[in-house]
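Please read the structure below before turning to the comments.
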Amino acid sequence: MDPVFIAIQLLNGLQYGLLLFLIASGLTLIFGIMGIINLAHGAMYMIGAYLAYDLTLRTGSFWLALLLAVPIAVVLGLVIERLFLGTLYRRDHLYQVLLTFGLILVLNEAQRIIWGSDVQSVPVPASLSGNIALTGNLQYPVYRLFVAAICLLVAGGIYWIIRHTRLGIVIRAGAVNRDMVEGLGIDVRTLFTLIFSVGVGLAAFAGMLSAPMTSLYPGMGDNILITCFVIVVIGGIGSIKGAFLGSLLIGQAATFGPVLLPALASVIIYLIMAAVLIIKPRGLFA
Amino acid sequence: MLHRYPKRVPIIMLALTVLLVFYPLWGPVLIGDGSDFFLEKLTLMLILGLFAMSLDLLVGVVGLVSLGHALFFGLAGYTLALASPSYSAASLWWMMPLVMLVSALAALVIGALVLRTRGIFFIMTTLAFGQMLYYLVSDASFTGGSDGVFIMFKPTLAIGELTLIDLESPLQFFYFVMGMTLLTYLFLHWLIRSYFGQVLDGIHDNEHRMQALGYATYGYKLAAFVISGVLAGVAGMLAAMQYGFANPAQLGWHLSGEVLMMVILGGMGTLFGPLLGAFAYELLHYAFEHLTLYWQLLMGLTIILIVLVLPKGLAGLILDPPRLRLPRVGVGGLLRPRPAASTKARLGLAGHHKHEEG
């Protein structure tokens, strides 16, 4: 294979993996700390992408759209947590699965009612369009580099918050023993609301960032949700480090799979998951 | 879960069965022109009822929440479609065992992997394996890609030249499906009350205790997973015969979610509940579809509502009917607040105070 081609694939995989991390990190935190399995996480990714589309059309600026869409998504997460999830914390996962499955149907249909069933796209912002020459004969789209950089920044931010702030201590403690944290007088309910809103906000943010790179269609969140489940299973539930490394691994597998093993392209990530399940059923970093 | 049900349960179920059996008598009178169409819908509801009961063995009895149960349903449909000869009908005598064998093998391999996990991991991995097959089938050419495969002829059920049941006839197929569903119900009813079923129930309550008692719980769970997969396969085969094709939607995770909903809507662990749940879910589905183009919005809201207010499903309503309590007449009854109510009021007041302070 041509080394330039390999380099481009590597970069694509890295960028895709970093984007996946934004979604998977929220998913793994929401489970690890709140004990909630959120199937509607992918639908929030879709809502984010459509918000970016809608607001870019209205305001004429992708950046303004981002600025407006992030708070909208976080508030939507807050409303969902306050309205529906409050009763679910002490109940079986089964009911969480069903309630969030119901939410998917509602969000998917709301998307169709508001934005229709046509495939849409968002133009790459003018300031970041075009390619950049990384080496003599290696050209790479600027926007993708930008997305990778933003995702890295967010990942670093999450790492910093979890490792070096008081909130991070509470989050880490909550992942280990929720009841103890509550017993120590920390307002767990507020913590849950915060984590859920930020978690789904991150998923929606990933949708916004990827809007100029992919096409927007109804149900686009379903595929990404299942990919992120695979990442969480590989990395170990509740582990941010696991989600990060799992995302990078799946990002590379998803870009190199179709090239190296075209016959297995669509199932390669599941085969990796099966292999992890055989070796370490609780995930690599649990 | 293993208690005997109150008498009203068999009475209700028997009444509904009789109602179904005599559909050809009352259907055309009540529905008129649409009665043939509704017969097919009823057939589908029976099939989904069988499917929901197979999942109930996992969810309700063993406590394993599978979000990939449609995998076996769809796989069976594809097995039927691909193993049938193109220009003639297959015989059900060998098609049925083949479908069951394929389902059993798939359930054995997948079950061996997913049962290494528990809780939320189990949910995610069953979902992921279901989607794996979904993408495999959607992308492959021999499965017809996203269009699926047509089944030109339904299998025959004959001895020599003598046709026992003409499955091409909608009415005979309806009765055939009803018989299969009844048979499945009786089988699962027996299985749950058998020694094997009691071990499964014990695992549901406390797996560690069962292990401590010396039960190889993994093996029991795997056996239940395989039985459940085979029955889901039977349902999937019947569904593919009914539709006349096998397509990826029959093994997608939306169907897995829907069948889980049927189990909960009906009442998990009761067996007759999921059967009712399948009918109720499909009737709601048709009603909403008639009402609006955006029926999924109503369905989604209904699902959320049921989870919040009716977690024990229809079976819960039948087994433990909500009592409409009239206020007790008499001065004492009216004036003296019930202790529970007053406690609640006090808690509410206390909460209010705190809120005002903060």
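To be explicit about the labels: the chains of the structure tokens are called A, B, and onward in the order shown, and within each one the residues are counted from 1, while ligands get numbers from 1 in the order they are shown.
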Show me, as a CSV table (one decimal) with N, CA and C atoms, in the first residue's frame, the residues that have an atom within 7 Å of segment 46-62 of chain A when counting only C-alpha atoms, minus same-chain residues fewer than 3 positions from it.
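Generated file (around_39.csv):
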chain,number,residue,atom,x,y,z
A,42,GLY,N,-27.5,8.1,21.2
A,42,GLY,CA,-27.3,8.3,19.8
A,42,GLY,C,-28.3,9.3,19.2
A,43,ALA,N,-29.5,9.3,19.7
A,43,ALA,CA,-30.5,10.2,19.2
A,43,ALA,C,-30.1,11.6,19.5
A,65,ALA,N,-24.0,29.0,15.1
A,65,ALA,CA,-24.9,27.8,15.3
A,65,ALA,C,-24.4,27.0,16.5
A,66,LEU,N,-23.1,26.7,16.5
A,66,LEU,CA,-22.5,25.9,17.5
A,66,LEU,C,-22.7,26.6,18.9
A,69,ALA,N,-26.3,26.0,19.7
A,69,ALA,CA,-26.8,24.7,19.8
A,69,ALA,C,-26.4,23.9,21.1
A,73,ALA,N,-28.8,21.8,23.6
A,73,ALA,CA,-28.7,20.4,23.8
A,73,ALA,C,-28.6,20.1,25.3
A,122,VAL,N,-24.4,20.0,5.7
A,122,VAL,CA,-24.0,21.3,6.2
A,122,VAL,C,-22.7,21.7,5.6
A,125,PRO,N,-17.5,25.3,7.2
A,125,PRO,CA,-17.3,26.7,7.3
A,125,PRO,C,-16.1,27.2,6.5
A,204,ALA,N,-24.3,15.5,21.6
A,204,ALA,CA,-24.9,16.4,20.6
A,204,ALA,C,-23.8,17.3,20.0
A,205,PHE,N,-22.8,17.6,20.8
A,205,PHE,CA,-21.7,18.4,20.3
A,205,PHE,C,-20.9,17.6,19.2
A,207,GLY,N,-22.3,15.5,17.3
A,207,GLY,CA,-23.1,15.5,16.1
A,207,GLY,C,-23.0,16.8,15.4
A,208,MET,N,-22.8,17.9,16.1
A,208,MET,CA,-22.7,19.2,15.5
A,208,MET,C,-21.3,19.3,14.7
A,211,ALA,N,-21.5,17.3,11.6
A,211,ALA,CA,-22.4,17.7,10.5
A,211,ALA,C,-21.8,18.1,9.2
A,220,MET,N,-29.9,8.6,12.1
A,220,MET,CA,-28.4,8.5,12.0
A,220,MET,C,-27.7,8.2,13.3
A,221,GLY,N,-28.5,8.5,14.4
A,221,GLY,CA,-27.9,8.2,15.7
A,221,GLY,C,-27.8,6.7,16.1
Inset, instruction - Counting only C-alpha atoms, collect the residues of chain A whose closest atom lies at most 6 Å from chain B, and write them out as a ChimeraX atom specification. - result: /A:99,102,105-106,109,266-267,281
Can those selected residues be exported to a file as a PDB file, in the first residue's frame so that it contains N, CA and C atoms?
ATOM      1  N   LEU A  99     -37.513   2.823  28.693  1.00  0.00           N
ATOM      2  CA  LEU A  99     -37.841   4.245  28.695  1.00  0.00           C
ATOM      3  C   LEU A  99     -36.981   4.993  27.690  1.00  0.00           C
ATOM      4  N   GLY A 102     -38.147   4.285  24.268  1.00  0.00           N
ATOM      5  CA  GLY A 102     -39.287   5.151  23.966  1.00  0.00           C
ATOM      6  C   GLY A 102     -38.830   6.557  23.590  1.00  0.00           C
ATOM      7  N   LEU A 105     -37.709   6.731  19.983  1.00  0.00           N
ATOM      8  CA  LEU A 105     -38.829   6.849  19.047  1.00  0.00           C
ATOM      9  C   LEU A 105     -39.335   8.285  19.025  1.00  0.00           C
ATOM     10  N   VAL A 106     -39.458   8.882  20.208  1.00  0.00           N
ATOM     11  CA  VAL A 106     -39.971  10.254  20.288  1.00  0.00           C
ATOM     12  C   VAL A 106     -39.007  11.223  19.603  1.00  0.00           C
ATOM     13  N   GLU A 109     -38.883  10.732  15.802  1.00  0.00           N
ATOM     14  CA  GLU A 109     -40.074  11.228  15.124  1.00  0.00           C
ATOM     15  C   GLU A 109     -40.127  12.749  15.186  1.00  0.00           C
ATOM     16  N   SER A 266     -18.199  -4.684   7.727  1.00  0.00           N
ATOM     17  CA  SER A 266     -19.296  -4.216   8.563  1.00  0.00           C
ATOM     18  C   SER A 266     -19.311  -4.875   9.936  1.00  0.00           C
ATOM     19  N   VAL A 267     -18.585  -5.968  10.092  1.00  0.00           N
ATOM     20  CA  VAL A 267     -18.674  -6.674  11.369  1.00  0.00           C
ATOM     21  C   VAL A 267     -17.383  -6.634  12.167  1.00  0.00           C
ATOM     22  N   PRO A 281     -13.977 -10.388  30.069  1.00  0.00           N
ATOM     23  CA  PRO A 281     -15.413 -10.109  29.945  1.00  0.00           C
ATOM     24  C   PRO A 281     -15.833  -8.770  30.545  1.00  0.00           C
TER      25      PRO A 281
END
Inset, instruction - Find, counting only C-alpha atoms, the residue in A:Leu68, A:Thr135, A:Leu83, A:Leu225 that gets nearest to Ala7 of chain A. - result: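 Result for the nearest residue to Ala7 of chain A: A:Thr135.
If you measure from each of A:Leu284, A:Ile269, A:Val119, A:Cys228 to Thr28 of chain A using only C-alpha atoms, the closest one turns out to be A:Cys228.
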Legend entry - Nearby residues (only C-alpha atoms) at most 12 Å from Thr270 of chain B, same-chain spacing under 3 positions excluded, as a PyMOL selection string: chain B and resi 1-5+9+52-61+185+188-189+192-193+263-267+273-277+312-316+318-319
Inset, instruction - Go ahead and compute the interatomic distance for atom CA of Gly236 of chain B and atom CA of Phe51 of chain B, in Å to one decimal. - result: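 Result for atom CA of Gly236 of chain B versus atom CA of Phe51 of chain B: 7.7 Å, one decimal.
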Inset, instruction - Show which residues sit within 7 Å of Ile104 of chain A, as a list in words. Count only C-alpha atoms, and ignore same-chain residues fewer than 4 positions away. - result: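 Everything that qualifies: Ala40, Ala43, Thr100 and Asn108 of chain A.
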Based on the selection just made, write C-alpha atoms of those residues as a short mmCIF file (atom, residue, chain, number, x, y, z; two decimals), in the first residue's frame.
data_model
loop_
_atom_site.label_atom_id
_atom_site.label_comp_id
_atom_site.auth_asym_id
_atom_site.auth_seq_id
_atom_site.Cartn_x
_atom_site.Cartn_y
_atom_site.Cartn_z
CA ALA A 40 -31.18 7.76 23.57
CA ALA A 43 -30.52 10.21 19.19
CA THR A 100 -34.83 5.40 26.71
CA ASN A 108 -36.50 10.32 15.95
#
Inset, instruction - Please indicate the distance in Å from atom CA of Lys7 of chain B to atom CA of Met45 of chain B, rounded to one decimal place. - result: 24.8 Å
Inset, instruction - For each of A:Ile158, A:Met213, A:Lys241, A:Ser121, take the minimum atom-to-atom distance to Gly199 of chain A, counting only C-alpha atoms, then give the residue where this is smallest. - result: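 Looking at the shortest contact to Gly199 of chain A, the residue is A:Ile158.
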Inset, instruction - Determine, counting only C-alpha atoms, which protein, DNA and RNA residues have an atom within 12 Å of an atom of segment 23-38 of chain B; residues of the same chain fewer than 3 positions away are not included. Present the result as an MDAnalysis selection string. - result: chainID B and resid 16:20 41:45 169:172 174:175 178 282:283 286
Could those residues be written to a file, using N, CA and C atoms, as a PDB file, in the first residue's frame?
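out08.pdb was written with the following content:
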ATOM      1  N   LEU B  16     -60.503 -15.476  25.504  1.00  0.00           N
ATOM      2  CA  LEU B  16     -59.840 -14.844  24.361  1.00  0.00           C
ATOM      3  C   LEU B  16     -59.516 -15.875  23.285  1.00  0.00           C
ATOM      4  N   THR B  17     -59.102 -17.074  23.720  1.00  0.00           N
ATOM      5  CA  THR B  17     -58.794 -18.127  22.756  1.00  0.00           C
ATOM      6  C   THR B  17     -60.038 -18.494  21.961  1.00  0.00           C
ATOM      7  N   VAL B  18     -61.165 -18.669  22.674  1.00  0.00           N
ATOM      8  CA  VAL B  18     -62.417 -19.022  21.998  1.00  0.00           C
ATOM      9  C   VAL B  18     -62.788 -17.925  21.005  1.00  0.00           C
ATOM     10  N   LEU B  19     -62.615 -16.672  21.453  1.00  0.00           N
ATOM     11  CA  LEU B  19     -62.902 -15.532  20.583  1.00  0.00           C
ATOM     12  C   LEU B  19     -62.079 -15.619  19.293  1.00  0.00           C
ATOM     13  N   LEU B  20     -60.798 -15.972  19.446  1.00  0.00           N
ATOM     14  CA  LEU B  20     -59.914 -16.071  18.289  1.00  0.00           C
ATOM     15  C   LEU B  20     -60.315 -17.234  17.398  1.00  0.00           C
ATOM     16  N   LYS B  41     -53.490  -9.834  10.282  1.00  0.00           N
ATOM     17  CA  LYS B  41     -52.946  -9.104  11.429  1.00  0.00           C
ATOM     18  C   LYS B  41     -53.015  -9.971  12.685  1.00  0.00           C
ATOM     19  N   LEU B  42     -54.130 -10.669  12.848  1.00  0.00           N
ATOM     20  CA  LEU B  42     -54.267 -11.543  14.016  1.00  0.00           C
ATOM     21  C   LEU B  42     -53.212 -12.646  13.980  1.00  0.00           C
ATOM     22  N   THR B  43     -52.981 -13.191  12.785  1.00  0.00           N
ATOM     23  CA  THR B  43     -51.949 -14.215  12.642  1.00  0.00           C
ATOM     24  C   THR B  43     -50.604 -13.664  13.096  1.00  0.00           C
ATOM     25  N   LEU B  44     -50.316 -12.434  12.646  1.00  0.00           N
ATOM     26  CA  LEU B  44     -49.052 -11.807  13.017  1.00  0.00           C
ATOM     27  C   LEU B  44     -48.970 -11.588  14.529  1.00  0.00           C
ATOM     28  N   MET B  45     -50.084 -11.202  15.128  1.00  0.00           N
ATOM     29  CA  MET B  45     -50.087 -10.980  16.582  1.00  0.00           C
ATOM     30  C   MET B  45     -49.805 -12.281  17.322  1.00  0.00           C
ATOM     31  N   SER B 169     -53.303 -21.177   2.482  1.00  0.00           N
ATOM     32  CA  SER B 169     -54.613 -20.618   2.805  1.00  0.00           C
ATOM     33  C   SER B 169     -54.504 -19.794   4.084  1.00  0.00           C
ATOM     34  N   PRO B 170     -54.874 -18.499   4.024  1.00  0.00           N
ATOM     35  CA  PRO B 170     -54.700 -17.638   5.213  1.00  0.00           C
ATOM     36  C   PRO B 170     -55.411 -18.196   6.445  1.00  0.00           C
ATOM     37  N   LEU B 171     -56.596 -18.771   6.221  1.00  0.00           N
ATOM     38  CA  LEU B 171     -57.353 -19.251   7.378  1.00  0.00           C
ATOM     39  C   LEU B 171     -56.672 -20.460   8.008  1.00  0.00           C
ATOM     40  N   GLN B 172     -56.211 -21.409   7.158  1.00  0.00           N
ATOM     41  CA  GLN B 172     -55.549 -22.592   7.709  1.00  0.00           C
ATOM     42  C   GLN B 172     -54.220 -22.215   8.354  1.00  0.00           C
ATOM     43  N   PHE B 174     -53.619 -19.402   9.794  1.00  0.00           N
ATOM     44  CA  PHE B 174     -54.016 -18.774  11.060  1.00  0.00           C
ATOM     45  C   PHE B 174     -54.174 -19.836  12.147  1.00  0.00           C
ATOM     46  N   TYR B 175     -54.897 -20.920  11.812  1.00  0.00           N
ATOM     47  CA  TYR B 175     -55.100 -21.968  12.813  1.00  0.00           C
ATOM     48  C   TYR B 175     -53.799 -22.708  13.111  1.00  0.00           C
ATOM     49  N   MET B 178     -51.902 -20.533  15.423  1.00  0.00           N
ATOM     50  CA  MET B 178     -52.541 -20.572  16.738  1.00  0.00           C
ATOM     51  C   MET B 178     -52.126 -21.844  17.476  1.00  0.00           C
ATOM     52  N   GLU B 282     -49.493  -4.496  19.264  1.00  0.00           N
ATOM     53  CA  GLU B 282     -49.808  -4.401  17.838  1.00  0.00           C
ATOM     54  C   GLU B 282     -51.102  -3.623  17.603  1.00  0.00           C
ATOM     55  N   LEU B 283     -52.091  -3.824  18.475  1.00  0.00           N
ATOM     56  CA  LEU B 283     -53.343  -3.069  18.320  1.00  0.00           C
ATOM     57  C   LEU B 283     -53.084  -1.575  18.475  1.00  0.00           C
ATOM     58  N   TYR B 286     -51.438  -0.311  15.281  1.00  0.00           N
ATOM     59  CA  TYR B 286     -52.364  -0.062  14.163  1.00  0.00           C
ATOM     60  C   TYR B 286     -53.213   1.166  14.424  1.00  0.00           C
TER      61      TYR B 286
END
Inset, instruction - Write out as number ranges by chain which residues come within 10 Å of Phe31 of chain A when counting only C-alpha atoms, dropping same-chain ones fewer than 4 positions away. - result: A: 25-27, 35-38, 175, 196, 232, 237-239; B: 120
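Of the residues listed (B:Ile12, B:Ala280, B:Leu310, B:Leu231), B:Leu231 shows the shortest atom-to-atom separation from Ala76 of chain B; distances use only C-alpha atoms.
Among the residues of segment 40-251 of chain B, backbone DSSP assigns strand (DSSP E) to Val149, Phe150, Leu157, Ala158, Ile159, Leu162, Thr163, Leu164, Ile165, Phe245 and Ala246 of chain B.
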Inset, instruction - Identify, on the basis of only C-alpha atoms, every residue whose closest approach to segment 97-100 of chain B does not exceed 12 Å; exclude the query and any residue fewer than 2 positions from it along the same chain; express the result as an NGL selection string. - result: :B and (72-84 or 90-95 or 102-108 or 226-238 or 240)
Inset, instruction - Could you tell me, as a ChimeraX atom specification, which residues of segment 228-265 of chain A DSSP assigns to alpha helix (DSSP H) when given the backbone? - result: /A:228-235,240-260
